[in-house]
Amino acid sequence: MPDLLLSKKYKAFLRCTAPVEFLEGTTMAGKTTVGLFKFMLKVAQSPKKLHIIAAKDTGTAEKNIINKDLGIIDDFGELAEYNGNGTKDDKIPHILFHTSKGDKVIYVMGYGDKQKWKKALGGQYGCLYVDEINTADIEFVREASMRADYFMATLNPDDPNLPVYKEYINCARPLTEWKDETPIEILNELREEPKPGWVHWFFSFAHNLGLKKEELDRVLTNTPKGTKIYKNKIQGLRGRSTGLVFPNFDRKLHVKSKAWAKQFLNSDRKKEHFVRFTAGLDTAYSQKSPDTIAMIFSGITNRGRYIRLDEEVYNNAELEIPIAPSDTVDKFIKFLERNRKEWGFARTAFIDSADQATITEFKKYKRTHGCIYNFENAWKKLPIIDRIMLMLGWIQKGFYYILDHCVNSIAEMELYSWLEEKDNIPEDGHDHTINADQYGWIPYKNEIGNEK
């Protein structure tokens, strides 16, 4: 077996005992190389005979897993026999792995062909390895993972809205000693209910001791900074790679802390201070879609800065008892009151004008209870493209910010995309906090980006 140079973190990974492990990070970080070595050791230790390696197709598995430098054949030599066409007794492509506990059979499957993997899957398996799980058929992941005692998967950062993140990856957590090496952007995404013992590993170039400097320099030189592929492959951060509506939105520049925004709550008129607060509400009550009810509260300073100060988001598809328009009224007024006490008074709030049922409930509430707030129809005559152009300009010139606890707002800014088949029209999705935000600032657009 050739020498395998291991960083301290990879040594910790090899020693770690966990039922499920996800290896996420930059390109050329060594995830596949070290992950496969550990996987084969797990297979050797398993009491079960049957195991699975899955890639997009068997050709990809042969190239990137089995026959590559420091791949399975390179690492284990005569101990691993690959039968790419199967054998007389077992027609499925497989690796026959000779171990001290007897021969193990590792089936090699392609998750890109549903008919084939549905025929191949059956029974229970010892170990499961899924290559680039972010590109895998989610049905395959569900079917295969429930059949395995041990589950390992590698992935490159991708669209965080993919179901594999919510159902699997975001249920894992980094070990305490390595938590600080996980980018804060990814840590913020690992917020689904944790599964016992599931571990998330983040690896970068720094952990690949076998990576030559000239190879790294070539990759860094050939990948333009500021592009989404640079973000995904070089920085190891999640996000769609192409077609973003707001490609100039940068967490490091445009996401701020609550303490930063508090500086504008001052009575010194010579300093920058808030001169207006506003709020918007976008509604969607379906229980069969990811559409959300989004509430946004924002402030505008005398120097033209616009800051999203708070958000509240509900999704009926995730609630046992769905929210009705009357519930939205109660929740939105509480949202406004909470922010009035913390930030200031937004006397007029703007409601999705397409939802007259909710607007009727607001009018009914004000008529029967009395209320200090005015609820107006959102002004939608400003075309969506014009709204996008205004926001792009404010972002570029440093007039547009979001506070870091508004995680849904930040996620949508990094996901909202142009339609692939019609690249002059934005998608109808990943835009609910964006819409609510726009309802709030449209009436005051001339105050943003201009010093008063």
# chains A, B, ... in the order shown; residues from 1 in each chain; ligands from 1

$ select_by_dssp --residues "stretch 158-387 of chain A" --states "strand (DSSP E or B)" --output "number ranges by chain"
A: 173, 199-203, 244, 255-256, 274-282, 293-301, 306-314, 348-351, 374-377

$ closest_atom_pairs --of "stretch 289-384 of chain A" --to "stretch 234-257 of chain A" --cutoff "10 Å" --atoms "only C-alpha atoms" --output "tab-separated table"
residue	atom	partner	partner_atom	distance
A:Ile307	CA	A:Lys256	CA	9.1
A:Arg308	CA	A:Val255	CA	9.6
A:Leu309	CA	A:Ser257	CA	9.5

$ residues_around --residues "A:Lys31" --least-positions-apart "2" --cutoff "12 Å" --atoms "only C-alpha atoms" --output "ChimeraX atom specification"
/A:6-7,9-10,13-14,21-29,33-39,64-65,70-71,131-132,152-156,201-210

$ closest_residue --among "A:Cys406, A:Ile296, A:Ile351, A:Ala357" --to "A:Lys380" --atoms "only C-alpha atoms"
A:Ile351

$ residues_around --residues "A:Tyr314" --least-positions-apart "6" --cutoff "7 Å" --atoms "only C-alpha atoms" --output "list in words"
Thr292, Ile293 and Ala294 of chain A

$ closest_residue --among "A:His94, A:Lys42, A:Arg142, A:Arg340" --to "A:Ala80" --atoms "only C-alpha atoms"
A:His94

$ residues_around --residues "A:Ala148" --least-positions-apart "2" --cutoff "12 Å" --atoms "only C-alpha atoms" --output "VMD selection string"
chain A and resid 19 to 20 42 to 43 46 48 to 53 121 to 130 141 to 146 150 to 152

$ residues_around --residues "stretch 267-282 of chain A" --least-positions-apart "4" --cutoff "6 Å" --atoms "only C-alpha atoms" --output "short mmCIF file (atom, residue, chain, number, x, y, z; two decimals) with N, CA, C and O atoms, in the first residue's frame"
data_model
loop_
_atom_site.label_atom_id
_atom_site.label_comp_id
_atom_site.auth_asym_id
_atom_site.auth_seq_id
_atom_site.Cartn_x
_atom_site.Cartn_y
_atom_site.Cartn_z
N ILE A 293 -45.15 31.73 5.35
CA ILE A 293 -45.67 33.02 5.82
C ILE A 293 -44.45 33.75 6.37
O ILE A 293 -43.83 33.29 7.33
N ALA A 294 -44.09 34.85 5.75
CA ALA A 294 -42.85 35.56 6.10
C ALA A 294 -43.14 36.96 6.61
O ALA A 294 -43.87 37.73 5.96
N MET A 295 -42.59 37.30 7.78
CA MET A 295 -42.72 38.62 8.38
C MET A 295 -41.33 39.26 8.47
O MET A 295 -40.39 38.63 8.94
N ILE A 296 -41.22 40.50 8.00
CA ILE A 296 -39.95 41.21 8.01
C ILE A 296 -40.12 42.59 8.66
O ILE A 296 -41.08 43.31 8.36
N PHE A 297 -39.18 42.95 9.54
CA PHE A 297 -39.16 44.27 10.18
C PHE A 297 -37.80 44.91 9.86
O PHE A 297 -36.76 44.27 10.05
N SER A 298 -37.83 46.15 9.36
CA SER A 298 -36.60 46.79 8.90
C SER A 298 -36.51 48.24 9.33
O SER A 298 -37.51 48.86 9.73
N GLY A 299 -35.30 48.78 9.25
CA GLY A 299 -35.07 50.18 9.58
C GLY A 299 -34.26 50.88 8.50
O GLY A 299 -33.46 50.25 7.80
N ILE A 300 -34.48 52.20 8.36
CA ILE A 300 -33.74 53.03 7.41
C ILE A 300 -33.08 54.15 8.20
O ILE A 300 -33.73 54.78 9.05
N THR A 301 -31.79 54.39 7.93
CA THR A 301 -31.08 55.45 8.64
C THR A 301 -31.09 56.75 7.84
O THR A 301 -31.44 56.78 6.65
N ASN A 302 -30.67 57.82 8.51
CA ASN A 302 -30.62 59.13 7.84
C ASN A 302 -29.55 59.19 6.77
O ASN A 302 -29.53 60.11 5.96
N ALA A 346 -43.12 51.03 13.77
CA ALA A 346 -43.44 50.98 12.35
C ALA A 346 -44.96 51.09 12.24
O ALA A 346 -45.66 50.08 12.27
N ALA A 349 -47.77 48.87 8.21
CA ALA A 349 -47.22 47.60 7.73
C ALA A 349 -47.91 47.26 6.41
O ALA A 349 -49.08 47.57 6.20
N PHE A 350 -47.18 46.59 5.52
CA PHE A 350 -47.67 46.34 4.17
C PHE A 350 -47.86 44.85 3.95
O PHE A 350 -46.94 44.04 4.15
N ILE A 351 -49.08 44.48 3.53
CA ILE A 351 -49.51 43.09 3.44
C ILE A 351 -49.63 42.67 1.98
O ILE A 351 -50.05 43.46 1.13
N ASP A 352 -49.27 41.42 1.70
CA ASP A 352 -49.40 40.86 0.35
C ASP A 352 -50.80 41.15 -0.19
O ASP A 352 -51.81 40.63 0.31
N ALA A 436 -41.62 39.89 1.31
CA ALA A 436 -42.07 40.64 2.49
C ALA A 436 -41.18 41.86 2.71
O ALA A 436 -41.66 42.95 3.06
N ASP A 437 -39.89 41.68 2.51
CA ASP A 437 -38.94 42.78 2.64
C ASP A 437 -39.24 43.88 1.63
O ASP A 437 -39.27 45.07 1.97
N TYR A 439 -42.10 44.54 0.14
CA TYR A 439 -43.34 45.24 0.48
C TYR A 439 -43.07 46.36 1.48
O TYR A 439 -43.68 47.42 1.44
N GLY A 440 -42.13 46.10 2.39
CA GLY A 440 -41.82 47.09 3.42
C GLY A 440 -41.05 48.29 2.91
O GLY A 440 -41.26 49.41 3.38
#

$ residues_around --residues "A:Lys195" --least-positions-apart "3" --cutoff "9 Å" --atoms "only C-alpha atoms" --output "ChimeraX atom specification"
/A:168,171-173,192,198-199

$ select_by_dssp --residues "stretch 196-294 of chain A" --states "helix (DSSP H, G or I)" --output "MDAnalysis selection string"
chainID A and resid 205:207 213:222 228:234 251:254 258:262

$ write_last_selection --atoms "C-alpha atoms" --output "CSV table (one decimal), in the first residue's frame"
chain,number,residue,atom,x,y,z
A,205,PHE,CA,-7.0,22.0,1.4
A,206,ALA,CA,-5.2,22.4,4.8
A,207,HIS,CA,-6.1,18.9,5.8
A,213,LYS,CA,1.7,23.3,-3.7
A,214,GLU,CA,1.8,23.6,-7.5
A,215,GLU,CA,-1.5,21.7,-7.7
A,216,LEU,CA,-3.2,24.0,-5.2
A,217,ASP,CA,-1.8,27.1,-6.9
A,218,ARG,CA,-3.1,25.9,-10.2
A,219,VAL,CA,-6.6,25.4,-8.9
A,220,LEU,CA,-6.6,28.7,-7.1
A,221,THR,CA,-5.3,30.6,-10.1
A,222,ASN,CA,-7.8,29.0,-12.5
A,228,LYS,CA,-20.1,30.8,-7.1
A,229,ILE,CA,-17.8,28.0,-8.2
A,230,TYR,CA,-15.1,29.7,-6.1
A,231,LYS,CA,-17.5,29.8,-3.2
A,232,ASN,CA,-18.4,26.1,-3.5
A,233,LYS,CA,-15.1,24.5,-4.5
A,234,ILE,CA,-12.5,26.8,-3.0
A,251,ARG,CA,-22.2,37.4,4.1
A,252,LYS,CA,-18.9,38.9,5.2
A,253,LEU,CA,-20.0,42.3,3.9
A,254,HIS,CA,-23.7,42.4,4.2
A,258,LYS,CA,-27.6,43.1,16.3
A,259,ALA,CA,-25.0,45.0,18.4
A,260,TRP,CA,-23.8,46.7,15.2
A,261,ALA,CA,-27.3,47.8,14.3
A,262,LYS,CA,-27.9,49.1,17.9

$ atom_distance --atom1 "atom CA of A:Tyr373" --atom2 "atom CA of A:Glu337"
9.8 Å

$ closest_residue --among "A:Thr176, A:Ser100, A:Thr58, A:Thr135" --to "A:Gly86" --atoms "only C-alpha atoms"
A:Thr58

$ closest_residue --among "A:Lys119, A:Lys88, A:Val329, A:Thr32" --to "A:Lys366" --atoms "only C-alpha atoms"
A:Val329

$ atom_distance --atom1 "atom CA of A:Thr358" --atom2 "atom CA of A:Pro322"
14.5 Å

$ decode --residues "stretch 84-116 of chain A" --atoms "N, CA, C and O atoms" --output "PDB file, in the first residue's frame"
ATOM      1  N   GLY A  84     -16.113  -6.114 -12.413  1.00  0.00           N
ATOM      2  CA  GLY A  84     -16.945  -5.066 -12.999  1.00  0.00           C
ATOM      3  C   GLY A  84     -18.173  -5.565 -13.719  1.00  0.00           C
ATOM      4  O   GLY A  84     -19.166  -4.841 -13.847  1.00  0.00           O
ATOM      5  N   ASN A  85     -18.135  -6.809 -14.199  1.00  0.00           N
ATOM      6  CA  ASN A  85     -19.289  -7.387 -14.902  1.00  0.00           C
ATOM      7  C   ASN A  85     -19.992  -8.440 -14.054  1.00  0.00           C
ATOM      8  O   ASN A  85     -20.786  -9.223 -14.560  1.00  0.00           O
ATOM      9  N   GLY A  86     -19.659  -8.457 -12.767  1.00  0.00           N
ATOM     10  CA  GLY A  86     -20.212  -9.490 -11.915  1.00  0.00           C
ATOM     11  C   GLY A  86     -19.492 -10.814 -12.143  1.00  0.00           C
ATOM     12  O   GLY A  86     -18.466 -10.886 -12.811  1.00  0.00           O
ATOM     13  N   THR A  87     -20.048 -11.871 -11.593  1.00  0.00           N
ATOM     14  CA  THR A  87     -19.487 -13.220 -11.788  1.00  0.00           C
ATOM     15  C   THR A  87     -20.611 -14.170 -12.178  1.00  0.00           C
ATOM     16  O   THR A  87     -21.787 -13.774 -12.229  1.00  0.00           O
ATOM     17  N   LYS A  88     -20.249 -15.406 -12.400  1.00  0.00           N
ATOM     18  CA  LYS A  88     -21.259 -16.410 -12.767  1.00  0.00           C
ATOM     19  C   LYS A  88     -22.325 -16.528 -11.684  1.00  0.00           C
ATOM     20  O   LYS A  88     -23.509 -16.691 -11.984  1.00  0.00           O
ATOM     21  N   ASP A  89     -21.897 -16.409 -10.426  1.00  0.00           N
ATOM     22  CA  ASP A  89     -22.836 -16.613  -9.325  1.00  0.00           C
ATOM     23  C   ASP A  89     -23.486 -15.312  -8.837  1.00  0.00           C
ATOM     24  O   ASP A  89     -24.504 -15.351  -8.151  1.00  0.00           O
ATOM     25  N   ASP A  90     -22.874 -14.164  -9.170  1.00  0.00           N
ATOM     26  CA  ASP A  90     -23.398 -12.884  -8.696  1.00  0.00           C
ATOM     27  C   ASP A  90     -23.249 -11.866  -9.820  1.00  0.00           C
ATOM     28  O   ASP A  90     -22.146 -11.391 -10.104  1.00  0.00           O
ATOM     29  N   LYS A  91     -24.348 -11.539 -10.495  1.00  0.00           N
ATOM     30  CA  LYS A  91     -24.308 -10.717 -11.703  1.00  0.00           C
ATOM     31  C   LYS A  91     -24.060  -9.231 -11.430  1.00  0.00           C
ATOM     32  O   LYS A  91     -23.730  -8.471 -12.332  1.00  0.00           O
ATOM     33  N   ILE A  92     -24.236  -8.774 -10.193  1.00  0.00           N
ATOM     34  CA  ILE A  92     -24.064  -7.357  -9.869  1.00  0.00           C
ATOM     35  C   ILE A  92     -22.572  -7.032  -9.766  1.00  0.00           C
ATOM     36  O   ILE A  92     -21.819  -7.793  -9.142  1.00  0.00           O
ATOM     37  N   PRO A  93     -22.092  -5.912 -10.381  1.00  0.00           N
ATOM     38  CA  PRO A  93     -20.685  -5.525 -10.210  1.00  0.00           C
ATOM     39  C   PRO A  93     -20.341  -5.431  -8.723  1.00  0.00           C
ATOM     40  O   PRO A  93     -21.107  -4.875  -7.937  1.00  0.00           O
ATOM     41  N   HIS A  94     -19.178  -5.994  -8.347  1.00  0.00           N
ATOM     42  CA  HIS A  94     -18.851  -6.010  -6.923  1.00  0.00           C
ATOM     43  C   HIS A  94     -17.350  -6.160  -6.698  1.00  0.00           C
ATOM     44  O   HIS A  94     -16.602  -6.557  -7.597  1.00  0.00           O
ATOM     45  N   ILE A  95     -16.935  -5.827  -5.491  1.00  0.00           N
ATOM     46  CA  ILE A  95     -15.561  -6.034  -5.041  1.00  0.00           C
ATOM     47  C   ILE A  95     -15.583  -7.206  -4.064  1.00  0.00           C
ATOM     48  O   ILE A  95     -16.389  -7.223  -3.132  1.00  0.00           O
ATOM     49  N   LEU A  96     -14.713  -8.168  -4.303  1.00  0.00           N
ATOM     50  CA  LEU A  96     -14.549  -9.263  -3.351  1.00  0.00           C
ATOM     51  C   LEU A  96     -13.354  -8.890  -2.464  1.00  0.00           C
ATOM     52  O   LEU A  96     -12.222  -8.769  -2.924  1.00  0.00           O
ATOM     53  N   PHE A  97     -13.640  -8.673  -1.182  1.00  0.00           N
ATOM     54  CA  PHE A  97     -12.639  -8.159  -0.248  1.00  0.00           C
ATOM     55  C   PHE A  97     -12.247  -9.273   0.719  1.00  0.00           C
ATOM     56  O   PHE A  97     -13.070  -9.756   1.496  1.00  0.00           O
ATOM     57  N   HIS A  98     -10.997  -9.709   0.650  1.00  0.00           N
ATOM     58  CA  HIS A  98     -10.510 -10.798   1.501  1.00  0.00           C
ATOM     59  C   HIS A  98     -10.069 -10.227   2.847  1.00  0.00           C
ATOM     60  O   HIS A  98      -9.142  -9.414   2.918  1.00  0.00           O
ATOM     61  N   THR A  99     -10.726 -10.652   3.924  1.00  0.00           N
ATOM     62  CA  THR A  99     -10.411 -10.133   5.254  1.00  0.00           C
ATOM     63  C   THR A  99     -10.168 -11.285   6.224  1.00  0.00           C
ATOM     64  O   THR A  99     -10.440 -12.459   5.914  1.00  0.00           O
ATOM     65  N   SER A 100      -9.688 -10.956   7.416  1.00  0.00           N
ATOM     66  CA  SER A 100      -9.448 -11.986   8.442  1.00  0.00           C
ATOM     67  C   SER A 100     -10.753 -12.600   8.929  1.00  0.00           C
ATOM     68  O   SER A 100     -10.754 -13.659   9.562  1.00  0.00           O
ATOM     69  N   LYS A 101     -11.880 -11.927   8.647  1.00  0.00           N
ATOM     70  CA  LYS A 101     -13.189 -12.465   9.038  1.00  0.00           C
ATOM     71  C   LYS A 101     -13.910 -13.121   7.862  1.00  0.00           C
ATOM     72  O   LYS A 101     -15.118 -13.304   7.889  1.00  0.00           O
ATOM     73  N   GLY A 102     -13.145 -13.430   6.822  1.00  0.00           N
ATOM     74  CA  GLY A 102     -13.741 -14.058   5.655  1.00  0.00           C
ATOM     75  C   GLY A 102     -13.923 -13.060   4.521  1.00  0.00           C
ATOM     76  O   GLY A 102     -13.685 -11.858   4.668  1.00  0.00           O
ATOM     77  N   ASP A 103     -14.353 -13.552   3.379  1.00  0.00           N
ATOM     78  CA  ASP A 103     -14.558 -12.692   2.215  1.00  0.00           C
ATOM     79  C   ASP A 103     -15.821 -11.838   2.386  1.00  0.00           C
ATOM     80  O   ASP A 103     -16.874 -12.339   2.793  1.00  0.00           O
ATOM     81  N   LYS A 104     -15.679 -10.557   2.024  1.00  0.00           N
ATOM     82  CA  LYS A 104     -16.806  -9.625   2.039  1.00  0.00           C
ATOM     83  C   LYS A 104     -17.140  -9.232   0.604  1.00  0.00           C
ATOM     84  O   LYS A 104     -16.245  -9.119  -0.242  1.00  0.00           O
ATOM     85  N   VAL A 105     -18.413  -9.013   0.338  1.00  0.00           N
ATOM     86  CA  VAL A 105     -18.858  -8.602  -0.992  1.00  0.00           C
ATOM     87  C   VAL A 105     -19.351  -7.158  -0.909  1.00  0.00           C
ATOM     88  O   VAL A 105     -20.266  -6.851  -0.135  1.00  0.00           O
ATOM     89  N   ILE A 106     -18.714  -6.267  -1.687  1.00  0.00           N
ATOM     90  CA  ILE A 106     -19.112  -4.851  -1.721  1.00  0.00           C
ATOM     91  C   ILE A 106     -19.723  -4.584  -3.086  1.00  0.00           C
ATOM     92  O   ILE A 106     -19.015  -4.511  -4.102  1.00  0.00           O
ATOM     93  N   TYR A 107     -21.043  -4.445  -3.142  1.00  0.00           N
ATOM     94  CA  TYR A 107     -21.714  -4.167  -4.408  1.00  0.00           C
ATOM     95  C   TYR A 107     -21.410  -2.733  -4.852  1.00  0.00           C
ATOM     96  O   TYR A 107     -21.385  -1.806  -4.034  1.00  0.00           O
ATOM     97  N   VAL A 108     -21.190  -2.554  -6.135  1.00  0.00           N
ATOM     98  CA  VAL A 108     -20.931  -1.233  -6.710  1.00  0.00           C
ATOM     99  C   VAL A 108     -22.172  -0.839  -7.509  1.00  0.00           C
ATOM    100  O   VAL A 108     -22.514  -1.494  -8.505  1.00  0.00           O
ATOM    101  N   MET A 109     -22.855   0.221  -7.064  1.00  0.00           N
ATOM    102  CA  MET A 109     -24.136   0.624  -7.661  1.00  0.00           C
ATOM    103  C   MET A 109     -24.072   2.048  -8.190  1.00  0.00           C
ATOM    104  O   MET A 109     -23.317   2.884  -7.694  1.00  0.00           O
ATOM    105  N   GLY A 110     -24.902   2.314  -9.191  1.00  0.00           N
ATOM    106  CA  GLY A 110     -25.079   3.671  -9.693  1.00  0.00           C
ATOM    107  C   GLY A 110     -26.427   4.196  -9.258  1.00  0.00           C
ATOM    108  O   GLY A 110     -27.458   3.597  -9.568  1.00  0.00           O
ATOM    109  N   TYR A 111     -26.432   5.301  -8.502  1.00  0.00           N
ATOM    110  CA  TYR A 111     -27.729   5.837  -8.051  1.00  0.00           C
ATOM    111  C   TYR A 111     -28.427   6.651  -9.150  1.00  0.00           C
ATOM    112  O   TYR A 111     -29.537   7.137  -8.953  1.00  0.00           O
ATOM    113  N   GLY A 112     -27.786   6.795 -10.312  1.00  0.00           N
ATOM    114  CA  GLY A 112     -28.405   7.541 -11.398  1.00  0.00           C
ATOM    115  C   GLY A 112     -29.421   6.738 -12.184  1.00  0.00           C
ATOM    116  O   GLY A 112     -30.215   7.302 -12.935  1.00  0.00           O
ATOM    117  N   ASP A 113     -29.419   5.415 -12.035  1.00  0.00           N
ATOM    118  CA  ASP A 113     -30.343   4.553 -12.770  1.00  0.00           C
ATOM    119  C   ASP A 113     -31.274   3.875 -11.767  1.00  0.00           C
ATOM    120  O   ASP A 113     -30.928   2.864 -11.151  1.00  0.00           O
ATOM    121  N   LYS A 114     -32.467   4.433 -11.622  1.00  0.00           N
ATOM    122  CA  LYS A 114     -33.401   3.965 -10.593  1.00  0.00           C
ATOM    123  C   LYS A 114     -33.803   2.501 -10.809  1.00  0.00           C
ATOM    124  O   LYS A 114     -33.915   1.738  -9.842  1.00  0.00           O
ATOM    125  N   GLN A 115     -34.021   2.123 -12.064  1.00  0.00           N
ATOM    126  CA  GLN A 115     -34.451   0.735 -12.322  1.00  0.00           C
ATOM    127  C   GLN A 115     -33.402  -0.263 -11.850  1.00  0.00           C
ATOM    128  O   GLN A 115     -33.718  -1.288 -11.267  1.00  0.00           O
ATOM    129  N   LYS A 116     -32.134   0.058 -12.100  1.00  0.00           N
ATOM    130  CA  LYS A 116     -31.064  -0.863 -11.708  1.00  0.00           C
ATOM    131  C   LYS A 116     -30.897  -0.945 -10.206  1.00  0.00           C
ATOM    132  O   LYS A 116     -30.789  -2.030  -9.635  1.00  0.00           O
TER     133      LYS A 116
END
